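K.L.:
One file: work14.txt (compact mmCIF, C-alpha atoms and all ligand atoms).
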# COMPACT_ATOMS: atom_id res chain seq x y z
CA MET A 1 33.48 -42.35 1.10
CA GLN A 2 30.32 -44.42 0.61
CA TYR A 3 28.39 -42.38 -1.92
CA ILE A 4 25.13 -44.13 -1.07
CA ASN A 5 25.21 -42.12 2.17
CA ILE A 6 24.83 -38.86 0.29
CA ALA A 7 22.20 -40.11 -2.20
CA ASN A 8 18.59 -38.87 -2.01
CA GLU A 9 16.85 -40.94 0.74
CA GLY A 10 14.42 -42.53 -1.70
CA VAL A 11 17.21 -43.57 -4.08
CA LYS A 12 18.89 -45.54 -1.28
CA SER A 13 15.95 -47.95 -1.21
CA LEU A 14 15.91 -48.49 -4.99
CA SER A 15 17.36 -51.42 -6.89
CA PRO A 16 18.08 -51.22 -10.63
CA TYR A 17 15.29 -52.19 -13.05
CA GLN A 18 15.68 -55.82 -14.19
CA ALA A 19 15.06 -55.93 -17.92
CA GLY A 20 14.38 -59.08 -19.93
CA LYS A 21 17.53 -60.91 -20.95
CA PRO A 22 18.74 -59.79 -24.40
CA ILE A 23 19.11 -62.55 -27.02
CA GLU A 24 22.76 -61.59 -27.67
CA GLU A 25 23.61 -61.99 -23.99
CA LEU A 26 22.26 -65.55 -23.88
CA GLU A 27 24.13 -66.33 -27.10
CA ARG A 28 27.38 -65.17 -25.48
CA GLU A 29 26.71 -67.03 -22.23
CA LEU A 30 25.64 -70.41 -23.61
CA GLY A 31 27.14 -70.33 -27.09
CA ILE A 32 23.78 -71.29 -28.60
CA THR A 33 21.83 -69.76 -31.46
CA ASN A 34 18.21 -69.90 -32.61
CA ILE A 35 17.06 -68.27 -29.39
CA ILE A 36 13.55 -66.91 -28.97
CA LYS A 37 12.71 -64.08 -26.57
CA LEU A 38 9.28 -63.97 -24.99
CA ALA A 39 10.39 -61.79 -22.12
CA SER A 40 9.68 -58.11 -22.70
CA ASN A 41 6.18 -57.95 -24.22
CA GLU A 42 7.73 -56.82 -27.49
CA ASN A 43 5.97 -57.06 -30.81
CA PRO A 44 6.60 -60.50 -32.38
CA PHE A 45 5.98 -59.19 -35.92
CA GLY A 46 9.06 -57.01 -35.76
CA PHE A 47 9.51 -53.43 -36.84
CA PRO A 48 6.59 -52.27 -39.03
CA GLU A 49 7.37 -51.56 -42.70
CA SER A 50 5.48 -48.26 -42.49
CA ALA A 51 7.89 -47.11 -39.76
CA LYS A 52 10.94 -48.23 -41.75
CA GLN A 53 9.94 -46.00 -44.61
CA ALA A 54 9.37 -43.08 -42.26
CA ILE A 55 12.86 -43.55 -40.85
CA ILE A 56 14.49 -43.60 -44.27
CA ASN A 57 12.69 -40.37 -45.14
CA GLN A 58 13.92 -38.80 -41.93
CA LEU A 59 17.61 -39.77 -42.15
CA ASN A 60 18.80 -36.64 -43.93
CA ASP A 61 17.36 -34.40 -41.23
CA LEU A 62 19.12 -36.00 -38.29
CA THR A 63 21.58 -33.17 -38.04
CA ARG A 64 18.76 -30.91 -36.86
CA TYR A 65 17.09 -31.02 -33.46
CA PRO A 66 13.76 -32.82 -33.47
CA ASP A 67 10.53 -30.81 -33.47
CA ALA A 68 10.36 -29.89 -29.78
CA ASN A 69 6.57 -29.65 -29.96
CA GLY A 70 6.03 -32.90 -31.84
CA PHE A 71 3.50 -31.13 -34.04
CA GLU A 72 2.86 -33.97 -36.48
CA LEU A 73 2.56 -36.73 -33.91
CA LYS A 74 0.23 -34.65 -31.74
CA ALA A 75 -1.84 -34.01 -34.85
CA ALA A 76 -1.95 -37.76 -35.58
CA VAL A 77 -3.04 -38.58 -32.01
CA SER A 78 -5.57 -35.78 -32.15
CA LYS A 79 -7.07 -37.01 -35.41
CA LYS A 80 -7.14 -40.68 -34.39
CA PHE A 81 -8.86 -40.16 -31.04
CA GLY A 82 -10.80 -36.94 -31.49
CA VAL A 83 -8.90 -35.01 -28.83
CA ALA A 84 -7.30 -31.57 -29.21
CA PRO A 85 -3.55 -31.38 -29.94
CA ASN A 86 -3.07 -29.26 -26.80
CA GLN A 87 -4.26 -32.22 -24.72
CA VAL A 88 -1.35 -34.38 -25.88
CA THR A 89 2.06 -34.76 -24.21
CA LEU A 90 4.78 -36.84 -25.84
CA GLY A 91 7.35 -38.93 -24.01
CA ASN A 92 10.56 -40.83 -24.66
CA GLY A 93 8.62 -44.03 -24.11
CA SER A 94 5.72 -43.93 -21.69
CA ASN A 95 8.23 -44.56 -18.89
CA ASP A 96 9.40 -41.02 -19.49
CA LEU A 97 5.81 -39.81 -19.12
CA LEU A 98 5.26 -41.74 -15.88
CA GLU A 99 8.30 -39.99 -14.44
CA LEU A 100 7.07 -36.66 -15.76
CA PHE A 101 3.71 -37.08 -13.99
CA ALA A 102 5.47 -37.71 -10.68
CA HIS A 103 7.87 -34.77 -11.11
CA THR A 104 5.05 -32.43 -12.07
CA PHE A 105 2.60 -33.23 -9.30
CA ALA A 106 4.45 -34.78 -6.37
CA GLY A 107 7.41 -33.86 -4.20
CA GLU A 108 9.12 -35.02 -1.07
CA LYS A 109 6.68 -36.46 1.54
CA ASP A 110 3.71 -36.35 -0.84
CA GLU A 111 1.93 -39.66 -1.25
CA ILE A 112 1.59 -41.69 -4.42
CA ILE A 113 -0.80 -44.66 -4.53
CA TYR A 114 -0.37 -47.77 -6.65
CA SER A 115 -1.08 -51.49 -6.34
CA GLN A 116 1.02 -54.37 -5.15
CA TYR A 117 2.20 -56.29 -8.24
CA ALA A 118 1.66 -53.21 -10.43
CA PHE A 119 4.19 -51.99 -13.00
CA ILE A 120 7.56 -51.59 -11.26
CA VAL A 121 8.21 -48.14 -12.72
CA TYR A 122 5.60 -46.69 -10.30
CA PRO A 123 7.64 -47.46 -7.15
CA LEU A 124 10.76 -46.45 -9.06
CA VAL A 125 9.57 -42.93 -9.90
CA THR A 126 7.95 -42.52 -6.47
CA LYS A 127 11.13 -43.35 -4.58
CA ALA A 128 13.38 -41.40 -6.96
CA ILE A 129 11.61 -38.15 -5.98
CA ASN A 130 11.52 -39.15 -2.32
CA ALA A 131 7.74 -39.25 -2.23
CA VAL A 132 5.88 -41.69 0.02
CA ALA A 133 4.75 -44.91 -1.64
CA ARG A 134 1.30 -46.17 -0.64
CA GLU A 135 1.28 -49.67 -2.08
CA ILE A 136 -2.20 -51.17 -1.77
CA PRO A 137 -2.32 -54.96 -1.28
CA ALA A 138 -3.61 -56.63 -4.44
CA LYS A 139 -6.93 -58.43 -4.73
CA ASN A 140 -6.57 -61.57 -6.86
CA TRP A 141 -3.30 -60.10 -8.21
CA GLY A 142 -5.12 -56.97 -9.40
CA HIS A 143 -6.03 -53.47 -8.23
CA ASP A 144 -8.20 -53.22 -5.12
CA LEU A 145 -9.82 -49.88 -5.92
CA GLU A 146 -11.76 -49.84 -2.63
CA GLY A 147 -8.38 -50.05 -0.91
CA PHE A 148 -7.11 -47.19 -3.09
CA LEU A 149 -10.02 -44.98 -2.01
CA ALA A 150 -9.43 -45.79 1.65
CA ALA A 151 -5.76 -44.77 1.31
CA ILE A 152 -6.45 -41.28 -0.10
CA ASN A 153 -5.67 -38.47 2.33
CA GLU A 154 -4.65 -34.80 2.19
CA LYS A 155 -1.09 -35.78 1.20
CA THR A 156 -2.17 -37.86 -1.80
CA LYS A 157 -1.04 -36.29 -5.07
CA LEU A 158 -1.03 -39.06 -7.62
CA ILE A 159 -2.56 -42.48 -8.29
CA PHE A 160 -1.14 -44.93 -10.83
CA ILE A 161 -3.39 -47.59 -12.36
CA ALA A 162 -2.13 -49.98 -15.03
CA ASN A 163 -4.98 -51.35 -17.14
CA PRO A 164 -4.32 -54.06 -18.21
CA ASN A 165 -1.71 -54.43 -15.50
CA ASN A 166 1.83 -55.66 -16.11
CA PRO A 167 3.01 -58.25 -15.00
CA THR A 168 -0.30 -59.83 -13.99
CA GLY A 169 -2.56 -59.00 -16.97
CA ASN A 170 -5.44 -58.04 -14.66
CA PHE A 171 -8.10 -55.82 -16.13
CA LEU A 172 -10.55 -53.28 -14.73
CA THR A 173 -13.78 -52.63 -16.64
CA GLU A 174 -14.90 -49.16 -17.64
CA ALA A 175 -17.70 -49.31 -15.06
CA GLU A 176 -15.18 -50.13 -12.30
CA VAL A 177 -12.84 -47.32 -13.30
CA ASP A 178 -15.74 -44.88 -13.70
CA ARG A 179 -17.11 -45.72 -10.25
CA PHE A 180 -13.63 -45.24 -8.78
CA LEU A 181 -12.98 -41.90 -10.50
CA ALA A 182 -16.32 -40.58 -9.26
CA GLU A 183 -15.04 -41.03 -5.68
CA VAL A 184 -11.53 -39.57 -6.13
CA PRO A 185 -11.21 -35.91 -5.06
CA GLU A 186 -10.52 -33.62 -8.02
CA ASN A 187 -7.20 -32.43 -6.56
CA VAL A 188 -5.74 -35.94 -6.87
CA ILE A 189 -4.34 -36.84 -10.29
CA VAL A 190 -5.19 -40.32 -11.58
CA VAL A 191 -2.91 -41.83 -14.23
CA LEU A 192 -4.51 -44.58 -16.29
CA ASP A 193 -1.60 -46.43 -17.89
CA GLU A 194 -2.97 -48.16 -20.97
CA ALA A 195 0.23 -49.52 -22.51
CA TYR A 196 -1.61 -52.71 -23.54
CA THR A 197 -5.05 -51.38 -24.42
CA GLU A 198 -4.76 -52.34 -28.12
CA PHE A 199 -4.68 -56.03 -27.08
CA THR A 200 -7.98 -55.84 -25.23
CA ALA A 201 -11.00 -56.84 -27.33
CA GLU A 202 -12.73 -53.77 -28.73
CA HIS A 203 -16.01 -54.43 -26.92
CA GLU A 204 -14.17 -54.58 -23.57
CA ARG A 205 -11.70 -51.75 -24.11
CA LEU A 206 -12.30 -48.64 -22.05
CA ASN A 207 -13.52 -45.49 -23.71
CA SER A 208 -10.92 -43.66 -21.68
CA PHE A 209 -11.13 -40.46 -23.73
CA GLY A 210 -14.81 -40.38 -22.81
CA LEU A 211 -13.86 -40.71 -19.13
CA LEU A 212 -11.48 -37.79 -19.60
CA GLN A 213 -14.40 -35.52 -20.46
CA LYS A 214 -16.03 -36.46 -17.17
CA TYR A 215 -12.93 -36.38 -14.98
CA PRO A 216 -10.47 -33.51 -15.57
CA ASN A 217 -8.01 -34.98 -13.04
CA LEU A 218 -7.45 -38.01 -15.30
CA ILE A 219 -4.33 -38.58 -17.42
CA ILE A 220 -4.29 -41.37 -20.00
CA SER A 221 -0.88 -42.79 -20.82
CA ARG A 222 -0.20 -44.86 -23.92
CA SER A 223 2.85 -46.53 -25.44
CA LEU A 224 4.01 -47.33 -28.96
CA SER A 225 6.35 -50.04 -27.64
CA LYS A 226 3.89 -52.91 -27.58
CA ALA A 227 1.16 -53.22 -30.23
CA TYR A 228 2.89 -50.68 -32.50
CA GLY A 229 6.30 -52.36 -32.36
CA LEU A 230 8.50 -49.31 -31.68
CA ALA A 231 10.05 -50.38 -28.33
CA GLY A 232 13.61 -49.65 -29.46
CA LEU A 233 12.78 -46.09 -30.50
CA ARG A 234 11.18 -45.03 -27.21
CA ILE A 235 7.94 -43.13 -27.81
CA GLY A 236 4.66 -42.77 -25.95
CA TYR A 237 1.91 -40.20 -25.49
CA ALA A 238 -0.35 -38.94 -22.75
CA VAL A 239 -3.76 -37.33 -23.13
CA SER A 240 -5.13 -35.07 -20.42
CA ASN A 241 -7.00 -31.81 -20.03
CA PRO A 242 -5.03 -28.94 -21.64
CA GLU A 243 -4.12 -27.31 -18.33
CA ILE A 244 -2.43 -30.51 -17.13
CA ALA A 245 -0.72 -30.90 -20.52
CA ASP A 246 0.63 -27.38 -20.15
CA LEU A 247 2.11 -28.20 -16.72
CA LEU A 248 3.69 -31.41 -18.03
CA ASN A 249 5.14 -29.45 -20.91
CA ARG A 250 6.93 -27.10 -18.48
CA VAL A 251 8.77 -29.97 -16.80
CA ARG A 252 9.45 -32.02 -19.94
CA GLN A 253 12.97 -32.06 -21.38
CA PRO A 254 12.73 -29.89 -24.51
CA PHE A 255 13.85 -32.59 -26.97
CA ASN A 256 12.71 -35.69 -25.12
CA CYS A 257 11.49 -37.44 -28.28
CA ASN A 258 13.92 -38.03 -31.14
CA SER A 259 13.13 -37.39 -34.80
CA LEU A 260 13.14 -41.04 -35.84
CA ALA A 261 10.73 -41.98 -33.07
CA LEU A 262 8.42 -39.08 -33.91
CA ALA A 263 8.36 -39.89 -37.64
CA SER A 264 7.86 -43.62 -37.06
CA ALA A 265 5.08 -43.02 -34.59
CA VAL A 266 3.16 -40.89 -37.07
CA ALA A 267 3.51 -43.67 -39.65
CA VAL A 268 2.29 -46.51 -37.41
CA MET A 269 -0.52 -44.44 -35.92
CA ASN A 270 -1.96 -44.53 -39.42
CA ASP A 271 -1.07 -48.18 -39.99
CA ASP A 272 -4.28 -49.77 -38.73
CA GLU A 273 -3.58 -52.97 -40.68
CA PHE A 274 -0.41 -53.64 -38.70
CA VAL A 275 -2.01 -53.19 -35.29
CA LYS A 276 -5.01 -55.26 -36.36
CA LYS A 277 -2.75 -58.15 -37.42
CA VAL A 278 -0.82 -57.94 -34.14
CA ALA A 279 -3.96 -57.92 -31.99
CA GLU A 280 -5.51 -60.79 -33.93
CA ASN A 281 -2.42 -62.98 -33.53
CA ASN A 282 -2.45 -62.17 -29.83
CA ARG A 283 -6.10 -63.14 -29.48
CA LEU A 284 -5.66 -66.50 -31.20
CA GLU A 285 -2.36 -67.34 -29.51
CA MET A 286 -3.56 -66.29 -26.04
CA ALA A 287 -6.33 -68.86 -26.41
CA ARG A 288 -3.68 -71.47 -27.23
CA TYR A 289 -1.70 -70.54 -24.11
CA GLU A 290 -4.80 -70.90 -21.97
CA ALA A 291 -5.61 -74.28 -23.50
CA PHE A 292 -2.00 -75.37 -23.03
CA CYS A 293 -1.98 -74.38 -19.35
CA GLN A 294 -5.28 -76.13 -18.74
CA ALA A 295 -4.07 -79.30 -20.45
CA GLN A 296 -0.85 -79.25 -18.41
CA GLY A 297 -2.64 -78.48 -15.14
CA LEU A 298 -0.83 -75.14 -14.82
CA GLU A 299 -2.48 -72.23 -13.06
CA TYR A 300 -2.32 -68.86 -14.83
CA ILE A 301 -3.66 -65.37 -14.29
CA PRO A 302 -6.19 -64.54 -17.04
CA SER A 303 -4.64 -61.69 -19.04
CA LYS A 304 -5.93 -58.93 -21.31
CA GLY A 305 -2.41 -57.99 -22.37
CA ASN A 306 0.13 -59.58 -24.75
CA PHE A 307 1.59 -61.81 -22.05
CA ILE A 308 0.48 -64.50 -19.62
CA THR A 309 1.71 -65.13 -16.11
CA ILE A 310 1.93 -68.74 -14.95
CA ASP A 311 1.99 -69.88 -11.32
CA PHE A 312 4.30 -72.88 -10.96
CA LYS A 313 3.49 -73.31 -7.25
CA GLN A 314 7.23 -73.71 -6.63
CA PRO A 315 10.24 -71.41 -7.05
CA ALA A 316 10.26 -70.57 -10.76
CA ALA A 317 13.94 -69.61 -11.04
CA PRO A 318 15.13 -73.16 -11.89
CA ILE A 319 12.40 -73.43 -14.56
CA TYR A 320 13.50 -70.09 -16.01
CA GLU A 321 17.14 -71.26 -16.08
CA ALA A 322 16.23 -74.57 -17.71
CA LEU A 323 14.18 -72.75 -20.37
CA LEU A 324 17.22 -70.59 -21.13
CA ARG A 325 19.20 -73.75 -21.85
CA GLU A 326 16.45 -74.65 -24.33
CA GLY A 327 16.98 -71.27 -25.99
CA VAL A 328 13.75 -69.75 -24.67
CA ILE A 329 13.91 -66.48 -22.74
CA VAL A 330 10.90 -65.66 -20.56
CA ARG A 331 10.62 -63.24 -17.65
CA PRO A 332 11.15 -64.06 -13.97
CA ILE A 333 9.14 -61.70 -11.76
CA ALA A 334 10.56 -62.42 -8.32
CA GLY A 335 11.40 -58.70 -8.24
CA TYR A 336 7.65 -58.07 -8.13
CA GLY A 337 7.29 -60.39 -5.15
CA MET A 338 6.09 -63.23 -7.39
CA PRO A 339 8.92 -65.82 -7.14
CA ASN A 340 6.69 -68.75 -8.18
CA HIS A 341 5.50 -67.10 -11.40
CA LEU A 342 7.00 -66.55 -14.83
CA ARG A 343 5.63 -64.04 -17.33
CA ILE A 344 5.61 -65.15 -20.96
CA SER A 345 5.06 -62.71 -23.82
CA ILE A 346 2.76 -64.05 -26.52
CA GLY A 347 4.81 -64.65 -29.66
CA LEU A 348 4.22 -65.86 -33.18
CA PRO A 349 2.61 -69.33 -33.45
CA GLU A 350 5.96 -71.06 -34.09
CA GLU A 351 7.60 -69.28 -31.15
CA ASN A 352 4.78 -70.31 -28.87
CA ASP A 353 5.11 -73.90 -30.07
CA ARG A 354 8.80 -73.74 -29.12
CA PHE A 355 7.85 -72.52 -25.66
CA PHE A 356 5.19 -75.21 -25.14
CA LYS A 357 7.62 -77.95 -26.14
CA ALA A 358 10.47 -76.55 -24.04
CA LEU A 359 8.29 -76.16 -20.97
CA ILE A 360 6.95 -79.70 -21.19
CA LYS A 361 10.52 -80.98 -21.42
CA VAL A 362 11.71 -78.81 -18.54
CA LEU A 363 8.85 -79.78 -16.24
CA LYS A 364 9.44 -83.48 -16.92
CA ASN A 365 13.05 -83.29 -15.75
C1 LIG A 401 5.67 -51.73 -21.26
C2 LIG A 401 4.91 -50.84 -20.34
C3 LIG A 401 4.91 -49.47 -20.51
C4 LIG A 401 5.54 -48.86 -21.73
O1 LIG A 401 6.80 -48.55 -21.62
P1 LIG A 401 7.50 -47.69 -22.74
O2 LIG A 401 8.36 -46.78 -21.94
O3 LIG A 401 6.46 -46.95 -23.52
O4 LIG A 401 8.27 -48.65 -23.57
C5 LIG A 401 4.14 -48.67 -19.69
N1 LIG A 401 3.39 -49.22 -18.72
C6 LIG A 401 3.33 -50.53 -18.54
C7 LIG A 401 2.42 -51.08 -17.51
C8 LIG A 401 4.12 -51.38 -19.32
O5 LIG A 401 4.10 -52.69 -19.11
Can you give me the file's structure in the form of structure tokens?
P.N.:
Amino acid sequence: MQYINIANEGVKSLSPYQAGKPIEELERELGITNIIKLASNENPFGFPESAKQAIINQLNDLTRYPDANGFELKAAVSKKFGVAPNQVTLGNGSNDLLELFAHTFAGEKDEIIYSQYAFIVYPLVTKAINAVAREIPAKNWGHDLEGFLAAINEKTKLIFIANPNNPTGNFLTEAEVDRFLAEVPENVIVVLDEAYTEFTAEHERLNSFGLLQKYPNLIISRSLSKAYGLAGLRIGYAVSNPEIADLLNRVRQPFNCNSLALASAVAVMNDDEFVKKVAENNRLEMARYEAFCQAQGLEYIPSKGNFITIDFKQPAAPIYEALLREGVIVRPIAGYGMPNHLRISIGLPEENDRFFKALIKVLKN
């Protein structure tokens, strides 16, 4: 018996998500230490102290189920952004939310629109529910919103937009998103995935909660894995109109967010100093990456996230492998259809120095 024959049609066309290589795995494989990982857009400052304290305070309660309604975290999101708690939906990482949106609004044969080179979880959740993927060819590696509009039809249920996009770092301005939303029929749900918004300069960042007041079919999705440093705990939140939040809440697994994640998230939501430090490092170090690429004659995609994607104009796999031997883990993105590119997460200054040195050495050989 070949069990693939009895799998859901969409699942047959899926391949497993390729995560960044864990440090321990490279240690085992090459027997080297002092490895740096710039592969998964994680927070280079490590786990925030404020979250550590929240976890310690929570330890004695782990025998109980978590708060199924996430009261305190919803209250923290509500207070920080001036939205009502009943507009907030919590997820076990924003990946969990992305899946929840698809489950709630789309079914077999419904159409879901997203961009070529957009976050790989969009095709994953689309195919897993056997919906029809409408992948719109990218424009300069980013979203072609005109193409999105042209693809909308009576079967369209959901649109995913990553802003900034991963793995390309492309960014849509508020005016561009606003103009787009004005043209989308109100029975089509638009998900604005803002996992990296904290890295975008404040004057450029979208006032997405303002857009939400204008467009009730909008869902804003945010993550605490990147700027907030909680990737290992898995926690994210969505903000939408209350009616949509109520629908999401019906489909959600009752205890999808664990107590440690909930408590840590509340702590870091109020830890503005930490996020400020992280964003500032990213701003300064991104400028160094751009200068480095320019000096080395390397082409890169300008990025508003905490990573930069370099075009080596040749298959990047050997460069990736050679960097591993130098103890530097970056991210190949051939799985996105970008075999000549590597995506590098912006690290601490000394980590970035290591990368610059290693890359120069690797490209010389
Ligand atoms: C990293 C990332 C996420 C966040 O994932 P989590 O499940 O919250 O860790 C969401 N969207 C995009 C585009 C990402 O790159």
K.L.:
Can you work out which one of A:Asp144, A:Glu194, A:Glu174, A:Glu111 has the shortest atom-to-atom distance to A:Gly210, counting all atoms listed in the file?
P.N.:
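Of all the options, A:Glu174 lies closest to A:Gly210.
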K.L.:
Using only C-alpha atoms and all ligand atoms, find each protein or nucleic acid residue lying at most 6 Å from ligand LIG 401 (chain A); present the set as an mmCIF file with C-alpha atoms, in the frame of the given file.
P.N.:
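Contents of the output file part-v1.cif:
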data_model
loop_
_atom_site.group_PDB
_atom_site.id
_atom_site.type_symbol
_atom_site.label_atom_id
_atom_site.label_comp_id
_atom_site.auth_asym_id
_atom_site.auth_seq_id
_atom_site.Cartn_x
_atom_site.Cartn_y
_atom_site.Cartn_z
ATOM 1 C CA GLY A 93 8.620 -44.030 -24.110
ATOM 2 C CA SER A 94 5.720 -43.930 -21.690
ATOM 3 C CA ASN A 95 8.230 -44.560 -18.890
ATOM 4 C CA PHE A 119 4.190 -51.990 -13.000
ATOM 5 C CA ALA A 162 -2.130 -49.980 -15.030
ATOM 6 C CA ASN A 165 -1.710 -54.430 -15.500
ATOM 7 C CA ASN A 166 1.830 -55.660 -16.110
ATOM 8 C CA ASP A 193 -1.600 -46.430 -17.890
ATOM 9 C CA ALA A 195 0.230 -49.520 -22.510
ATOM 10 C CA SER A 223 2.850 -46.530 -25.440
ATOM 11 C CA LEU A 224 4.010 -47.330 -28.960
ATOM 12 C CA SER A 225 6.350 -50.040 -27.640
ATOM 13 C CA ALA A 231 10.050 -50.380 -28.330
ATOM 14 C CA ARG A 234 11.180 -45.030 -27.210
ATOM 15 C CA ILE A 235 7.940 -43.130 -27.810
ATOM 16 C CA GLY A 236 4.660 -42.770 -25.950
#
K.L.:
Measuring atom to atom with only C-alpha atoms, identify which of A:Tyr289, A:Tyr320, A:Phe274, A:Phe71 is nearest to A:Lys226.
P.N.:
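For A:Lys226, the nearest of the given residues is A:Phe274.
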K.L.:
Using all atoms listed in the file, pick whichever of A:Asn340, A:Asn249, A:Asn258, A:Asn352 has the shortest atom-to-atom distance to A:Thr63.
P.N.:
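So, comparing all the options, the nearest one is A:Asn258.
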K.L.:
Give as a ChimeraX atom specification each residue that has an atom at most 7 Å from (17.7, -66.4, -23.7) in the file, counting all atoms listed in the file.
P.N.:
/A:21-23,26,35-37,324,327-329
K.L.:
What does the structure give for the distance between atom CA of A:Cys257 and atom CA of A:Asn43, in Å to one decimal?
P.N.:
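Taking atom CA of A:Cys257 as the start and atom CA of A:Asn43 as the end point, the length is 20.5 Å.
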K.L.:
What is the atom CA of A:Asp246-atom CA of A:Lys79 distance in Å, reported with one decimal?
P.N.:
19.6 Å
K.L.:
Quick one: of A:Glu243, A:Asn92, A:Gly337, A:Leu348, who's nearest to A:Pro137, counting only C-alpha atoms?
P.N.:
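Comparing A:Glu243, A:Asn92, A:Gly337, A:Leu348 against A:Pro137, the winner is A:Gly337.
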K.L.:
Which residues, written as a list of chain:residue names, have at least one atom at most 12 Å from A:Ser15, with all atoms listed in the file counted and residues fewer than 6 positions away on the same chain left out?
P.N.:
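Selected residues are A:Ile120, A:Val121, A:Pro123, A:Leu124, A:Val125, A:Lys127, A:Ala128, A:Gly335, A:Tyr336.
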K.L.:
Between atom CA of A:Val251 and atom CA of A:Ala75, what is the distance in Å, rounded to a tenth?
P.N.:
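A separation of 21.3 Å between them.
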K.L.:
Please identify all polymer residues within 12 Å of A:Ser264, counting all atoms listed in the file, omitting same-chain residues fewer than 6 positions from it, and present them as number ranges by chain.
P.N.:
A: 47-59, 72-73, 76, 224-225, 228-236, 257-258, 270-271
K.L.:
With all atoms listed in the file as the atoms that count, which of A:Ala358, A:Ala39, A:Ala68, A:Ile310 lies nearest to A:Gly297?
P.N.:
A:Ile310
K.L.:
Find the residue from A:Gly305, A:Gly46, A:Pro349, A:Gly31 that sits nearest to A:Arg205; use only C-alpha atoms when measuring.
P.N.:
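Between A:Gly305, A:Gly46, A:Pro349, A:Gly31, the residue approaching A:Arg205 most closely is A:Gly305.
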K.L.:
Could you name the residues that touch A:Phe171 at 9 Å or less, counting only C-alpha atoms, but leaving out those on the same chain fewer than 2 positions away, as a PyMOL selection string?
P.N.:
chain A and resi 142-143+162-165+169+173+302-305
K.L.:
Got a minute to add all heavy atoms to stretch 159-163 of chain A and dump it as a tab-separated table (two decimals), keeping the file's coordinate frame?
P.N.:
chain	number	residue	atom	x	y	z
A	159	ILE	N	-2.19	-41.06	-8.34
A	159	ILE	CA	-2.56	-42.48	-8.29
A	159	ILE	C	-2.19	-43.10	-9.64
A	159	ILE	O	-2.53	-42.54	-10.68
A	159	ILE	CB	-4.07	-42.64	-8.04
A	159	ILE	CG1	-4.46	-42.07	-6.67
A	159	ILE	CG2	-4.48	-44.11	-8.16
A	159	ILE	CD1	-5.95	-42.07	-6.39
A	160	PHE	N	-1.48	-44.20	-9.60
A	160	PHE	CA	-1.14	-44.93	-10.83
A	160	PHE	C	-2.01	-46.18	-10.93
A	160	PHE	O	-2.06	-46.99	-10.00
A	160	PHE	CB	0.32	-45.38	-10.82
A	160	PHE	CG	1.32	-44.29	-11.10
A	160	PHE	CD1	2.23	-43.90	-10.13
A	160	PHE	CD2	1.37	-43.69	-12.35
A	160	PHE	CE1	3.19	-42.92	-10.40
A	160	PHE	CE2	2.32	-42.71	-12.63
A	160	PHE	CZ	3.23	-42.32	-11.65
A	161	ILE	N	-2.65	-46.35	-12.08
A	161	ILE	CA	-3.39	-47.59	-12.36
A	161	ILE	C	-2.93	-48.12	-13.72
A	161	ILE	O	-2.96	-47.38	-14.71
A	161	ILE	CB	-4.91	-47.32	-12.42
A	161	ILE	CG1	-5.43	-46.87	-11.05
A	161	ILE	CG2	-5.67	-48.55	-12.90
A	161	ILE	CD1	-6.90	-46.47	-11.05
A	162	ALA	N	-2.49	-49.36	-13.76
A	162	ALA	CA	-2.13	-49.98	-15.03
A	162	ALA	C	-3.29	-50.85	-15.47
A	162	ALA	O	-3.72	-51.74	-14.73
A	162	ALA	CB	-0.87	-50.82	-14.89
A	163	ASN	N	-3.81	-50.61	-16.67
A	163	ASN	CA	-4.98	-51.35	-17.14
A	163	ASN	C	-4.90	-51.64	-18.62
A	163	ASN	O	-5.07	-50.74	-19.43
A	163	ASN	CB	-6.24	-50.55	-16.82
A	163	ASN	CG	-7.48	-51.41	-16.86
A	163	ASN	OD1	-7.48	-52.54	-16.38
A	163	ASN	ND2	-8.54	-50.90	-17.45
